[in-house]
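Student: Let me begin by handing over the structure; questions about it come next.
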Amino acid sequence: MTGLSAILIVVGLFLLGGVYSFAKQQMPKGLIVLLSIASALCLTAGVLRLDVWS
């Protein structure tokens with residue numbers, strides 16, 4: 001596991017927590033969708049950068 005992949009996974013999980021928090025606070029749906037897309041992109045990039053695939 002490289003440092004960048006770990007950072008991307010941590011940021012993705014942080015954004016996922018923000019999605020959960022904003023959904024509980026009934027924030028605008030557009031903001032929740034934007035956060036969820038950013039979280040999915042960070043998590044996907046972090047997982048794909050792992051060295052276990054080589």
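Residue names in the structure tokens use chain letters A, B, ... in the order shown, residue numbers from 1 in each chain, and ligand numbers from 1 in the order shown.
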Which residues are close to Leu35 (chain A), i.e. within 12 Å by only C-alpha atoms, leaving aside same-chain residues fewer than 6 positions away? Reply as a list in words.
Tutor: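 Surrounding residues, per the criterion: Val11, Gly12, Leu13, Phe14, Leu15, Leu16, Gly17, Gly18, Val19, Tyr20, Ser21, Phe22, Ala23, Met27, Pro28, Lys29, Leu41 and Cys42 of chain A.
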Student: Using C-alpha atoms, can you export the residues from the last selection as a PDB file, in the first residue's frame?
Tutor:
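Okay, selection-v1.pdb is ready:
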```pdb
ATOM      1  CA  VAL A  11     -10.325  11.117   2.154  1.00  0.00           C
ATOM      2  CA  GLY A  12     -12.980   8.945   0.513  1.00  0.00           C
ATOM      3  CA  LEU A  13     -14.112   7.605   3.884  1.00  0.00           C
ATOM      4  CA  PHE A  14     -14.131  11.150   5.311  1.00  0.00           C
ATOM      5  CA  LEU A  15     -16.357  12.308   2.456  1.00  0.00           C
ATOM      6  CA  LEU A  16     -18.589   9.273   2.961  1.00  0.00           C
ATOM      7  CA  GLY A  17     -19.052  10.334   6.577  1.00  0.00           C
ATOM      8  CA  GLY A  18     -19.975  13.779   5.303  1.00  0.00           C
ATOM      9  CA  VAL A  19     -22.595  12.244   3.039  1.00  0.00           C
ATOM     10  CA  TYR A  20     -24.109  10.426   6.009  1.00  0.00           C
ATOM     11  CA  SER A  21     -24.032  13.555   8.157  1.00  0.00           C
ATOM     12  CA  PHE A  22     -25.513  15.803   5.480  1.00  0.00           C
ATOM     13  CA  ALA A  23     -28.261  13.267   4.764  1.00  0.00           C
ATOM     14  CA  MET A  27     -29.138  19.228   3.418  1.00  0.00           C
ATOM     15  CA  PRO A  28     -29.848  19.881  -0.294  1.00  0.00           C
ATOM     16  CA  LYS A  29     -29.814  16.714  -2.420  1.00  0.00           C
ATOM     17  CA  LEU A  41     -14.037   8.612  -6.981  1.00  0.00           C
ATOM     18  CA  CYS A  42     -11.557   8.862  -4.098  1.00  0.00           C
TER      19      CYS A  42
END
```
Student: Extract, using only C-alpha atoms, all DNA, RNA and protein residues at most 12 Å from Ala6 (chain A), discarding same-chain residues fewer than 4 positions from it, and format them as a VMD selection string.
Tutor: chain A and resid 1 to 2 10 to 13 42 to 51
Student: Include C-alpha atoms and write out the residues we just selected as a PDB file, in the first residue's frame.
Tutor:
```pdb
ATOM      1  CA  MET A   1       0.000   0.000   0.000  1.00  0.00           C
ATOM      2  CA  THR A   2       1.470   3.312  -1.044  1.00  0.00           C
ATOM      3  CA  VAL A  10      -8.989   8.079   4.037  1.00  0.00           C
ATOM      4  CA  VAL A  11     -10.325  11.117   2.154  1.00  0.00           C
ATOM      5  CA  GLY A  12     -12.980   8.945   0.513  1.00  0.00           C
ATOM      6  CA  LEU A  13     -14.112   7.605   3.884  1.00  0.00           C
ATOM      7  CA  CYS A  42     -11.557   8.862  -4.098  1.00  0.00           C
ATOM      8  CA  LEU A  43     -12.291   5.354  -2.868  1.00  0.00           C
ATOM      9  CA  THR A  44     -12.086   3.890  -6.368  1.00  0.00           C
ATOM     10  CA  ALA A  45      -8.813   5.654  -7.114  1.00  0.00           C
ATOM     11  CA  GLY A  46      -7.363   4.562  -3.777  1.00  0.00           C
ATOM     12  CA  VAL A  47      -8.329   0.927  -4.302  1.00  0.00           C
ATOM     13  CA  LEU A  48      -7.053   0.868  -7.877  1.00  0.00           C
ATOM     14  CA  ARG A  49      -3.702   2.319  -6.784  1.00  0.00           C
ATOM     15  CA  LEU A  50      -3.142  -0.515  -4.304  1.00  0.00           C
ATOM     16  CA  ASP A  51      -0.239  -2.767  -5.193  1.00  0.00           C
TER      17      ASP A  51
END
```
Student: Rounded to one decimal place, report the CA of Val52 (chain A)-CA of Ser39 (chain A) distance in Å.
Tutor: 21.4 Å
